[in-house]
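Have a look at the structure below, then the notes.
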Amino acid sequence: MNINTLKSLIHTFGPSSKEDAVKKVIRQEIKKVNNVEIFEDKYGNLVAHIKGNGPKLMIAAHTDQIGVMVTNIDKNGFIRMGEVGGLRKSFLVGQKLVFEKGIEGFVYYEDKESSWEFKDLKIEKLYVDVGAKNKKEAEKMLSIGTQGVYKPSFYTVNDRIIAPALDDRIGCFIGIEVLNSVNPKKLNYDLYIVFTVQEEIGVKGAKVSSYEITPDYGIAIDVTDSGDMPETTPVALNLGAGAAIKVMDRGMIASKSVKEKLINTAEKNKIDYQLEVITAGTTDAYAIQITKSGVETGAISIPTRYIHTPGETIDINDVKSAIKLLKKFIEK
Ligand code: CO
Ligand code: ZN
C-alpha cells in the first residue's frame with residue numbers, strides 16, 4: 001500500500017461540488033492501470049472502467065467531504081456559515097477551517113455570558129475570524145458561497161490513521177489500490193470503479209452514475225461508525241477487527257446475493273470481517289440499489305471513530321482486509 005497516496009488525498013480540498021482537485025489526484029494515481037478507460041460524466045463522477053467478460057459491477061467511493069459555506073460577512077469582517085453535509089456542529093468550535101484559495105480561520109461561538117457552555121448550539125451562532133479588519137478586507141478573501149472544510153491533518157500512530165475526510169478518501173484510496181493491483185485478465189466482471197461526487201448532500205453522484213451504467217451488481221466503499229469508544233451507541237464494530245460487510249444501515253438492507261458472496265469470499269480466503277448493522281447514516285449503495293428496476297447491492301465499510309469530526313480514526317488492518325476482500329471478489 002502506498003500510504004502517501006492517502007496522505008495527498010487527505011490534504012486535497014474537496015467539499016461537495018468542489019471535488020475537482022481530488023479527482024485530479026485520483027486520475028494521476030490510476031492513469032497507468034492496464035486496460036483502463038477513464039472518463040467523467042456530465043455530473044462530474046470520475047469513472048474507471050476495465051472491460052471484462054461478465055456482468056457489470058459498479059464499485060463506488062465518494063470524493064467529496066463535509067464542510068461549510070459562507071452565508072454572510074458582517075461589517076466587522078466576521079464570517080457566518082451554513083453546513084454542507086451532516087456537520088456535528090459542537091465539534092466546530094475552536095477548530096481551524098480552510099476555505100477556497102487557502103484562506104484560513106478559527107471558529108468561535110457567540111457567547112453573551114462568557115460561560116463557554118453551549119446551550120442549544122446553532123450553526124448561525126458560530127462565526128469564523130479570518131483575520132480581516134472589516135467587511136471590505138474580508139470580501140477580498142472570500143465571498144458569499146465560498147466553501148470551507150476542516151483544515152487537513154494526517155498522522156499515523158501504531159496501526160491507527162487519524163485525519164479529517166477519511167470519509168471517504170479512504171474509500172477512494174481503496175479504489176485506487178484495487179485498480180492498481182487487479183489483473184484485467186482474471187476479472188469476473190465488467191468492472192466500473194466510480195469516484196462519485198456530492199455523496200454528503202444526498203448520494204447524488206451515485207444516483208446519476210448508476211443510472212448511466214446500469215450495473216448488475218453494486219458495492220459502495222465507505223466509512224461506518226465503530227462502537228468501541230466509551231459510552232457510545234451500541235454498534236457491534238471494532239477498529240482492527242476486519243472490513244465491515246454491510247447488512248443494514250438507515251438507507252438500505254444489503255441485497256442477499258452480494259452480502260453472502262462477500263461473506264463467502266472472506267471466509268474462503270481467511271480475511272478478517274465483521275457484520276455491520278447501523279441505524280444512522282447510509283452510503284452510495286443506497287442510491288445504486290434502487291436504480292431502474294433494482295440492482296443487487298452491498299457495501300464494504302471501514303469502521304471509523306468520530307465520523308464527520310476532524311479526528312476521524314481508522315485501523316490500517318481493516319483497510320488491508322477491505323482491499324483483499326474486494327480483489328478476491330472481483331477476480332476469478
Ligand atoms: Co460522510
Ligand atoms: Zn461517506
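Please note that chains go A, B, ... in the order of the C-alpha cells, that every chain numbers its residues from 1, and that ligands are numbered from 1 in the order shown.
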
Might you pull out every residue within 10 Å of Glu212 in chain A, with only C-alpha atoms counted and same-chain residues fewer than 5 positions away left off, and present them as a list in words?
Asp41, Ala206, Lys207 and Thr291 of chain A

Show me, as JSON lines, the residues of chain A having an atom within 9 Å of ligand 1, each with the closest atom pair and its distance in Å, using only C-alpha atoms and all ligand atoms.
```
{"residue": "A:His62", "atom": "CA", "partner": "ligand 1", "partner_atom_place_in_ligand_line": "1 (Co)", "distance": 8.9}
{"residue": "A:Asp64", "atom": "CA", "partner": "ligand 1", "partner_atom_place_in_ligand_line": "1 (Co)", "distance": 8.5}
{"residue": "A:Gln65", "atom": "CA", "partner": "ligand 1", "partner_atom_place_in_ligand_line": "1 (Co)", "distance": 6.7}
{"residue": "A:Ile66", "atom": "CA", "partner": "ligand 1", "partner_atom_place_in_ligand_line": "1 (Co)", "distance": 6.6}
{"residue": "A:Gly85", "atom": "CA", "partner": "ligand 1", "partner_atom_place_in_ligand_line": "1 (Co)", "distance": 7.5}
{"residue": "A:Gly86", "atom": "CA", "partner": "ligand 1", "partner_atom_place_in_ligand_line": "1 (Co)", "distance": 7.2}
{"residue": "A:Leu87", "atom": "CA", "partner": "ligand 1", "partner_atom_place_in_ligand_line": "1 (Co)", "distance": 9.0}
{"residue": "A:Ala165", "atom": "CA", "partner": "ligand 1", "partner_atom_place_in_ligand_line": "1 (Co)", "distance": 8.1}
{"residue": "A:Leu166", "atom": "CA", "partner": "ligand 1", "partner_atom_place_in_ligand_line": "1 (Co)", "distance": 8.9}
{"residue": "A:Asp167", "atom": "CA", "partner": "ligand 1", "partner_atom_place_in_ligand_line": "1 (Co)", "distance": 5.3}
{"residue": "A:Asp168", "atom": "CA", "partner": "ligand 1", "partner_atom_place_in_ligand_line": "1 (Co)", "distance": 6.7}
{"residue": "A:Glu199", "atom": "CA", "partner": "ligand 1", "partner_atom_place_in_ligand_line": "1 (Co)", "distance": 7.5}
{"residue": "A:Glu200", "atom": "CA", "partner": "ligand 1", "partner_atom_place_in_ligand_line": "1 (Co)", "distance": 5.5}
{"residue": "A:Asp222", "atom": "CA", "partner": "ligand 1", "partner_atom_place_in_ligand_line": "1 (Co)", "distance": 8.1}
{"residue": "A:Val223", "atom": "CA", "partner": "ligand 1", "partner_atom_place_in_ligand_line": "1 (Co)", "distance": 7.5}
{"residue": "A:Thr224", "atom": "CA", "partner": "ligand 1", "partner_atom_place_in_ligand_line": "1 (Co)", "distance": 8.7}
{"residue": "A:Gly281", "atom": "CA", "partner": "ligand 1", "partner_atom_place_in_ligand_line": "1 (Co)", "distance": 8.0}
{"residue": "A:Thr282", "atom": "CA", "partner": "ligand 1", "partner_atom_place_in_ligand_line": "1 (Co)", "distance": 8.5}
{"residue": "A:Thr283", "atom": "CA", "partner": "ligand 1", "partner_atom_place_in_ligand_line": "1 (Co)", "distance": 8.0}
{"residue": "A:Ile307", "atom": "CA", "partner": "ligand 1", "partner_atom_place_in_ligand_line": "1 (Co)", "distance": 7.1}
{"residue": "A:His308", "atom": "CA", "partner": "ligand 1", "partner_atom_place_in_ligand_line": "1 (Co)", "distance": 6.2}
```

Report as an NGL selection string all protein, DNA and RNA residues lying within 10 Å of Asp272 in chain A, evaluated on only C-alpha atoms, omitting residues in the same chain fewer than 4 positions from it.
:A and (240-244 or 266-267 or 317-318 or 320-322 or 324-325)

Save out the residues we just selected, N, CA, C and O atoms, as an mmCIF file, in the first residue's frame.
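So the final result, stored in part_3.cif, reads:
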```cif
data_model
loop_
_atom_site.group_PDB
_atom_site.id
_atom_site.type_symbol
_atom_site.label_atom_id
_atom_site.label_comp_id
_atom_site.auth_asym_id
_atom_site.auth_seq_id
_atom_site.Cartn_x
_atom_site.Cartn_y
_atom_site.Cartn_z
ATOM 1 N N GLY A 240 -9.932 -2.499 13.796
ATOM 2 C CA GLY A 240 -8.903 -3.533 13.725
ATOM 3 C C GLY A 240 -9.441 -4.949 13.651
ATOM 4 O O GLY A 240 -8.667 -5.905 13.538
ATOM 5 N N ALA A 241 -10.759 -5.126 13.720
ATOM 6 C CA ALA A 241 -11.334 -6.478 13.691
ATOM 7 C C ALA A 241 -11.725 -6.921 12.285
ATOM 8 O O ALA A 241 -12.295 -7.990 12.109
ATOM 9 N N GLY A 242 -11.431 -6.090 11.283
ATOM 10 C CA GLY A 242 -11.680 -6.501 9.903
ATOM 11 C C GLY A 242 -12.589 -5.559 9.156
ATOM 12 O O GLY A 242 -13.230 -4.686 9.736
ATOM 13 N N ALA A 243 -12.647 -5.760 7.835
ATOM 14 C CA ALA A 243 -13.551 -4.971 6.990
ATOM 15 C C ALA A 243 -14.980 -5.277 7.393
ATOM 16 O O ALA A 243 -15.299 -6.408 7.757
ATOM 17 N N ALA A 244 -15.842 -4.276 7.345
ATOM 18 C CA ALA A 244 -17.244 -4.498 7.701
ATOM 19 C C ALA A 244 -18.054 -4.795 6.448
ATOM 20 O O ALA A 244 -17.981 -4.066 5.460
ATOM 21 N N ALA A 266 -14.743 -13.784 2.033
ATOM 22 C CA ALA A 266 -13.923 -13.517 3.227
ATOM 23 C C ALA A 266 -13.592 -14.823 3.948
ATOM 24 O O ALA A 266 -12.430 -15.075 4.308
ATOM 25 N N GLU A 267 -14.596 -15.684 4.128
ATOM 26 C CA GLU A 267 -14.385 -16.976 4.821
ATOM 27 C C GLU A 267 -13.354 -17.824 4.074
ATOM 28 O O GLU A 267 -12.410 -18.341 4.666
ATOM 29 N N ASN A 317 -5.329 -2.186 9.450
ATOM 30 C CA ASN A 317 -5.605 -3.600 9.156
ATOM 31 C C ASN A 317 -6.980 -3.790 8.504
ATOM 32 O O ASN A 317 -7.164 -4.684 7.678
ATOM 33 N N ASP A 318 -7.939 -2.941 8.880
ATOM 34 C CA ASP A 318 -9.268 -3.013 8.264
ATOM 35 C C ASP A 318 -9.202 -2.582 6.793
ATOM 36 O O ASP A 318 -9.935 -3.100 5.949
ATOM 37 N N LYS A 320 -6.524 -2.954 4.858
ATOM 38 C CA LYS A 320 -5.896 -4.091 4.151
ATOM 39 C C LYS A 320 -6.919 -5.190 3.886
ATOM 40 O O LYS A 320 -6.963 -5.755 2.790
ATOM 41 N N SER A 321 -7.738 -5.483 4.882
ATOM 42 C CA SER A 321 -8.776 -6.521 4.712
ATOM 43 C C SER A 321 -9.754 -6.138 3.614
ATOM 44 O O SER A 321 -10.156 -6.982 2.798
ATOM 45 N N ALA A 322 -10.150 -4.874 3.583
ATOM 46 C CA ALA A 322 -11.121 -4.413 2.577
ATOM 47 C C ALA A 322 -10.553 -4.535 1.166
ATOM 48 O O ALA A 322 -11.252 -4.967 0.243
ATOM 49 N N LYS A 324 -8.168 -6.584 0.127
ATOM 50 C CA LYS A 324 -8.051 -8.002 -0.206
ATOM 51 C C LYS A 324 -9.421 -8.603 -0.542
ATOM 52 O O LYS A 324 -9.568 -9.334 -1.522
ATOM 53 N N LEU A 325 -10.407 -8.236 0.250
ATOM 54 C CA LEU A 325 -11.764 -8.755 0.037
ATOM 55 C C LEU A 325 -12.306 -8.332 -1.332
ATOM 56 O O LEU A 325 -12.859 -9.155 -2.082
#
```

What is the CA of Tyr155 in chain A to CA of Glu312 in chain A distance in Å?
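CA of Glu312 in chain A lies 10.9 Å from CA of Tyr155 in chain A.
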
Ranking A:Glu137, A:Glu83, A:Asp190, A:Asp284 by minimum distance to ligand 2 and counting only C-alpha atoms and all ligand atoms, which one comes first?
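When distances to ligand 2 are compared using only C-alpha atoms and all ligand atoms, the smallest one comes from A:Asp284.
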
One decimal place gives the CA of Ser16 in chain A-CA of Gly82 in chain A separation as 13.2 Å

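Using only C-alpha atoms and all ligand atoms for every distance, the candidate list A:Phe106, A:Phe329, A:Phe154, A:Phe195 yields A:Phe195 as the residue closest to ligand 2.
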
I'd like to know which of A:Arg169, A:Lys259, A:Arg250, A:Lys185 is closest to ligand 2, using only C-alpha atoms and all ligand atoms.
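Answer, going by the shortest atom-to-atom distance: A:Arg169.
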
Go through A:Ser209, A:Asn134, A:Gln198, A:Ser293 one by one, measure the shortest atom-to-atom distance of each to ligand 2 using only C-alpha atoms and all ligand atoms, and give the residue with the smallest value.
A:Gln198

Residues near Ile3 in chain A, cut-off 10 Å, only C-alpha atoms, skip fewer than 6 positions along chain, as a PyMOL selection string:
chain A and resi 9+156+173+316

Put those residues in a file: C-alpha atoms, as a PDB file, in the first residue's frame.
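Writing done, so here's out.pdb:
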```
ATOM      1  CA  LEU A   9      -5.965  12.631  -0.843  1.00  0.00           C
ATOM      2  CA  THR A 156      -0.416   7.535  11.760  1.00  0.00           C
ATOM      3  CA  PHE A 173      -7.723   5.114  -1.695  1.00  0.00           C
ATOM      4  CA  ILE A 316      -4.855   0.129   8.821  1.00  0.00           C
TER       5      ILE A 316
END
```

What parts of range 30-266 of chain A does DSSP call helix (DSSP H, G or I)? I'd like the answer as an MDAnalysis selection string.
chainID A and resid 30 89:91 100:102 123:125 135:141 166:181 184:186 204:213 256:266

Could those residues be written to a file, using C-alpha atoms, as a PDB file, in the first residue's frame?
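Below is the file that was written, out_20.pdb:
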```pdb
ATOM      1  CA  ILE A  30      -4.784   5.350 -11.913  1.00  0.00           C
ATOM      2  CA  LYS A  89     -21.758  21.450  14.984  1.00  0.00           C
ATOM      3  CA  SER A  90     -20.350  21.352  18.525  1.00  0.00           C
ATOM      4  CA  PHE A  91     -17.114  19.909  17.129  1.00  0.00           C
ATOM      5  CA  GLU A 100     -11.112  28.111  -1.144  1.00  0.00           C
ATOM      6  CA  LYS A 101      -7.920  29.902  -2.160  1.00  0.00           C
ATOM      7  CA  GLY A 102      -6.356  28.708   1.103  1.00  0.00           C
ATOM      8  CA  ILE A 123     -24.517  26.961  13.437  1.00  0.00           C
ATOM      9  CA  GLU A 124     -25.859  30.523  12.964  1.00  0.00           C
ATOM     10  CA  LYS A 125     -24.260  31.427  16.290  1.00  0.00           C
ATOM     11  CA  LYS A 135     -16.097  43.645   5.680  1.00  0.00           C
ATOM     12  CA  LYS A 136     -14.150  45.108   2.773  1.00  0.00           C
ATOM     13  CA  GLU A 137     -10.985  43.302   3.745  1.00  0.00           C
ATOM     14  CA  ALA A 138     -12.873  40.027   4.295  1.00  0.00           C
ATOM     15  CA  GLU A 139     -14.583  40.312   0.920  1.00  0.00           C
ATOM     16  CA  LYS A 140     -11.198  40.336  -0.753  1.00  0.00           C
ATOM     17  CA  MET A 141     -10.558  36.940   0.853  1.00  0.00           C
ATOM     18  CA  LEU A 166     -11.177   9.769   5.863  1.00  0.00           C
ATOM     19  CA  ASP A 167     -14.889   9.786   4.994  1.00  0.00           C
ATOM     20  CA  ASP A 168     -14.471   8.938   2.206  1.00  0.00           C
ATOM     21  CA  ARG A 169     -10.946   9.489   0.937  1.00  0.00           C
ATOM     22  CA  ILE A 170     -10.197   6.075   2.452  1.00  0.00           C
ATOM     23  CA  GLY A 171     -12.762   4.633   0.016  1.00  0.00           C
ATOM     24  CA  CYS A 172     -11.074   6.485  -2.870  1.00  0.00           C
ATOM     25  CA  PHE A 173      -7.723   5.114  -1.695  1.00  0.00           C
ATOM     26  CA  ILE A 174      -9.091   1.553  -1.629  1.00  0.00           C
ATOM     27  CA  GLY A 175     -10.486   2.060  -5.158  1.00  0.00           C
ATOM     28  CA  ILE A 176      -7.071   3.240  -6.365  1.00  0.00           C
ATOM     29  CA  GLU A 177      -5.286   0.305  -4.690  1.00  0.00           C
ATOM     30  CA  VAL A 178      -7.711  -2.213  -6.202  1.00  0.00           C
ATOM     31  CA  LEU A 179      -7.351  -0.718  -9.692  1.00  0.00           C
ATOM     32  CA  ASN A 180      -3.575  -0.862  -9.424  1.00  0.00           C
ATOM     33  CA  SER A 181      -3.432  -4.466  -8.251  1.00  0.00           C
ATOM     34  CA  PRO A 184      -7.562  -7.429 -16.044  1.00  0.00           C
ATOM     35  CA  LYS A 185      -7.288 -10.966 -17.481  1.00  0.00           C
ATOM     36  CA  LYS A 186      -8.768 -12.525 -14.359  1.00  0.00           C
ATOM     37  CA  LYS A 204     -26.322  12.481  -5.789  1.00  0.00           C
ATOM     38  CA  GLY A 205     -23.350  11.438  -7.921  1.00  0.00           C
ATOM     39  CA  ALA A 206     -24.040   7.748  -7.352  1.00  0.00           C
ATOM     40  CA  LYS A 207     -27.638   8.222  -8.478  1.00  0.00           C
ATOM     41  CA  VAL A 208     -26.767   9.557 -11.919  1.00  0.00           C
ATOM     42  CA  SER A 209     -23.749   7.314 -12.386  1.00  0.00           C
ATOM     43  CA  SER A 210     -25.674   4.160 -11.569  1.00  0.00           C
ATOM     44  CA  TYR A 211     -28.470   5.216 -13.927  1.00  0.00           C
ATOM     45  CA  GLU A 212     -25.940   5.717 -16.743  1.00  0.00           C
ATOM     46  CA  ILE A 213     -24.007   2.485 -16.138  1.00  0.00           C
ATOM     47  CA  LYS A 256     -28.666 -11.050  -0.043  1.00  0.00           C
ATOM     48  CA  SER A 257     -26.631 -12.250  -3.043  1.00  0.00           C
ATOM     49  CA  VAL A 258     -23.911  -9.602  -2.718  1.00  0.00           C
ATOM     50  CA  LYS A 259     -23.762  -9.806   1.074  1.00  0.00           C
ATOM     51  CA  GLU A 260     -23.439 -13.593   1.030  1.00  0.00           C
ATOM     52  CA  LYS A 261     -20.872 -13.582  -1.745  1.00  0.00           C
ATOM     53  CA  LEU A 262     -18.774 -11.101   0.238  1.00  0.00           C
ATOM     54  CA  ILE A 263     -19.058 -13.240   3.381  1.00  0.00           C
ATOM     55  CA  ASN A 264     -18.155 -16.425   1.483  1.00  0.00           C
ATOM     56  CA  THR A 265     -15.191 -14.696  -0.167  1.00  0.00           C
ATOM     57  CA  ALA A 266     -13.923 -13.517   3.227  1.00  0.00           C
TER      58      ALA A 266
END
```
